[in-house]
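Participant: First, the structure itself, so that you have it in front of you.
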Amino acid sequence: MAKRTALAALLLATLLIGGAYASAFLPGDPPGWAAWAMALGTATIMVASMALGAARRGGIGRLGLPFAGTWLILAGGFAAAMLLPAEEPDAPLLLGLPLRAAIVLLGVGLLPLFLLPLAYALTFDEMTLSEADLERVRREACEAREDEGRMAAVPAAPAPAEVEAV
C-alpha cells in the first residue's frame, strides 16, 4: 500500500512540476499558480521518493511521521518565502542572507538534513533486513550459484547445419 501511495504522489508531483514548467510557454507573465505548483510538487516529489525507497513489507513504519514533518518543513519553507514581501535594500540580514533566501537555504536545504538521518537511525533495526531475510537471501544466492555451476557443466547444443543453396 505504501508503494502505491508513494507512486501516486510521485505522479501527482510530476504533473504539478510539469504544469508549472509548461505555464512558462503561455503568453504573458507566468500565472500565479505556477510558483505554488512548483513548490508543492518539489516538496511532494522529494518526500514521495523517500517513502518509496523506505517502503518495506507494505509500509514505512514509524518513518511516516518524520516524512510528514519533512513535507511540512519543505512546503512551509517554500510558502513562507513566496508569501513574504520583497526585502528593502536596507532590510536586516539573517546569517548574512536576505530573509527569504535564508528560509529557503537554511529551512528547506539544511533543516531536513538534521531530521531525516536521525529518523533513519532510530528506525534502522525495524526497517532493514531481519536475520531471517538475510538468511533467505544467502540461501537463494547459494542456489543460484549451484544452478550456474550445473548450467556450465552442460555442453552447448550443436549449431544447426547450414542449408545449401540449390
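Numbering starts fresh at 1 for the residues of each chain in the C-alpha cells, the chains themselves are lettered A, B, ... in the order given, and ligands are numbered from 1 as they appear.
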Check the DSSP output for the backbone and give back, as a ChimeraX atom specification, the residues of chain A in strand (DSSP E or B).

Facilitator: /A:56,59,94,97

Participant: With a distance cut-off of 6 Å and only C-alpha atoms, select the neighbouring residues of region 64-79 of chain A, excluding the residue or stretch itself and same-chain residues fewer than 5 positions from it, and output the selection as JSON, numbers by chain.

Facilitator: {"A": [39, 40, 43, 108]}

Participant: Would you mind listing what lies within 12 Å of Ala8 (chain A) as a list in words, with only C-alpha atoms counted and same-chain residues fewer than 6 positions away left out?

Facilitator: Met1, Ala2, Thr14, Leu15, Thr44, Ile45, Ala48, Ser49, Ala51 and Leu52 of chain A

Participant: Keeping only N, CA, C and O atoms, write those residues as a PDB file, in the first residue's frame.

Facilitator:
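again06.pdb, written as the output of this step:
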ATOM      1  N   MET A   1       0.814  -1.193   0.000  1.00  0.00           N
ATOM      2  CA  MET A   1       0.000   0.000   0.000  1.00  0.00           C
ATOM      3  C   MET A   1       0.861   1.262   0.000  1.00  0.00           C
ATOM      4  O   MET A   1       0.548   2.229  -0.674  1.00  0.00           O
ATOM      5  N   ALA A   2       1.940   1.252   0.778  1.00  0.00           N
ATOM      6  CA  ALA A   2       2.801   2.439   0.849  1.00  0.00           C
ATOM      7  C   ALA A   2       3.458   2.710  -0.506  1.00  0.00           C
ATOM      8  O   ALA A   2       3.618   3.868  -0.892  1.00  0.00           O
ATOM      9  N   THR A  14       4.943  15.079 -10.203  1.00  0.00           N
ATOM     10  CA  THR A  14       5.499  15.255 -11.537  1.00  0.00           C
ATOM     11  C   THR A  14       4.562  16.081 -12.413  1.00  0.00           C
ATOM     12  O   THR A  14       5.010  16.950 -13.177  1.00  0.00           O
ATOM     13  N   LEU A  15       3.264  15.827 -12.292  1.00  0.00           N
ATOM     14  CA  LEU A  15       2.289  16.611 -13.059  1.00  0.00           C
ATOM     15  C   LEU A  15       2.283  18.073 -12.608  1.00  0.00           C
ATOM     16  O   LEU A  15       2.176  18.987 -13.447  1.00  0.00           O
ATOM     17  N   THR A  44       6.598  17.487  -2.568  1.00  0.00           N
ATOM     18  CA  THR A  44       5.960  16.180  -2.659  1.00  0.00           C
ATOM     19  C   THR A  44       6.860  15.155  -3.331  1.00  0.00           C
ATOM     20  O   THR A  44       6.949  14.013  -2.881  1.00  0.00           O
ATOM     21  N   ILE A  45       7.542  15.546  -4.400  1.00  0.00           N
ATOM     22  CA  ILE A  45       8.376  14.575  -5.108  1.00  0.00           C
ATOM     23  C   ILE A  45       9.554  14.125  -4.242  1.00  0.00           C
ATOM     24  O   ILE A  45       9.979  12.966  -4.292  1.00  0.00           O
ATOM     25  N   ALA A  48       7.925  11.785  -1.467  1.00  0.00           N
ATOM     26  CA  ALA A  48       7.404  10.552  -2.075  1.00  0.00           C
ATOM     27  C   ALA A  48       8.543   9.635  -2.510  1.00  0.00           C
ATOM     28  O   ALA A  48       8.446   8.413  -2.391  1.00  0.00           O
ATOM     29  N   SER A  49       9.635  10.206  -2.997  1.00  0.00           N
ATOM     30  CA  SER A  49      10.800   9.395  -3.372  1.00  0.00           C
ATOM     31  C   SER A  49      11.402   8.719  -2.148  1.00  0.00           C
ATOM     32  O   SER A  49      11.784   7.551  -2.199  1.00  0.00           O
ATOM     33  N   ALA A  51       9.774   7.975   0.621  1.00  0.00           N
ATOM     34  CA  ALA A  51       8.813   6.964   1.076  1.00  0.00           C
ATOM     35  C   ALA A  51       8.877   5.727   0.193  1.00  0.00           C
ATOM     36  O   ALA A  51       8.788   4.602   0.696  1.00  0.00           O
ATOM     37  N   LEU A  52       9.040   5.913  -1.094  1.00  0.00           N
ATOM     38  CA  LEU A  52       9.142   4.770  -1.998  1.00  0.00           C
ATOM     39  C   LEU A  52      10.388   3.950  -1.690  1.00  0.00           C
ATOM     40  O   LEU A  52      10.353   2.722  -1.681  1.00  0.00           O
TER      41      LEU A  52
END

Participant: Excluding Leu99 (chain A) and any residue of its chain fewer than 3 positions from it, enumerate the residues within 10 Å of it, using only C-alpha atoms, and give them as a PyMOL selection string.

Facilitator: chain A and resi 80-81+84-87+91-96+102-105

Participant: Would you please work out which residue, of A:Gly61, A:Gly149, A:Gly19, A:Pro89, is nearest to Thr128 (chain A) when using only C-alpha atoms?

Facilitator: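 Of A:Gly61, A:Gly149, A:Gly19, A:Pro89, the one nearest Thr128 (chain A) is A:Gly61, counting only C-alpha atoms.
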
Participant: Quick one, how far is CA of Leu7 (chain A) from CA of Arg56 (chain A)?

Facilitator: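 Atom-to-atom, CA of Leu7 (chain A) to CA of Arg56 (chain A), that is 14.3 Å.
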
Participant: Could you give me, as a PyMOL selection string, the residues within 9 Å of Met127 (chain A), counting only C-alpha atoms and dropping anything in the same chain fewer than 5 positions from it?

Facilitator: chain A and resi 54-56+60-62+120

Participant: Please dump the current selection as a compact mmCIF listing (two decimals), in the first residue's frame; keep N, CA, C and O atoms.

Facilitator:
# COMPACT_ATOMS: atom_id res chain seq x y z
N ALA A 54 11.89 3.78 1.22
CA ALA A 54 11.83 3.23 2.57
C ALA A 54 10.75 2.19 2.75
O ALA A 54 10.71 1.53 3.80
N ALA A 55 9.87 2.02 1.78
CA ALA A 55 8.74 1.08 1.93
C ALA A 55 9.26 -0.35 2.06
O ALA A 55 10.00 -0.82 1.22
N ARG A 56 8.87 -0.98 3.14
CA ARG A 56 9.22 -2.38 3.41
C ARG A 56 7.99 -3.09 3.92
O ARG A 56 7.22 -2.53 4.71
N ILE A 60 5.83 1.99 5.69
CA ILE A 60 7.05 2.73 6.01
C ILE A 60 7.25 2.84 7.52
O ILE A 60 8.16 3.51 7.98
N GLY A 61 6.41 2.16 8.28
CA GLY A 61 6.59 2.10 9.72
C GLY A 61 6.56 3.47 10.38
O GLY A 61 5.77 4.33 10.03
N ARG A 62 7.46 3.63 11.35
CA ARG A 62 7.50 4.88 12.11
C ARG A 62 8.09 6.03 11.32
O ARG A 62 8.15 7.15 11.83
N TYR A 120 16.04 7.96 10.35
CA TYR A 120 16.50 6.69 9.81
C TYR A 120 17.31 5.92 10.85
O TYR A 120 17.20 4.70 10.96
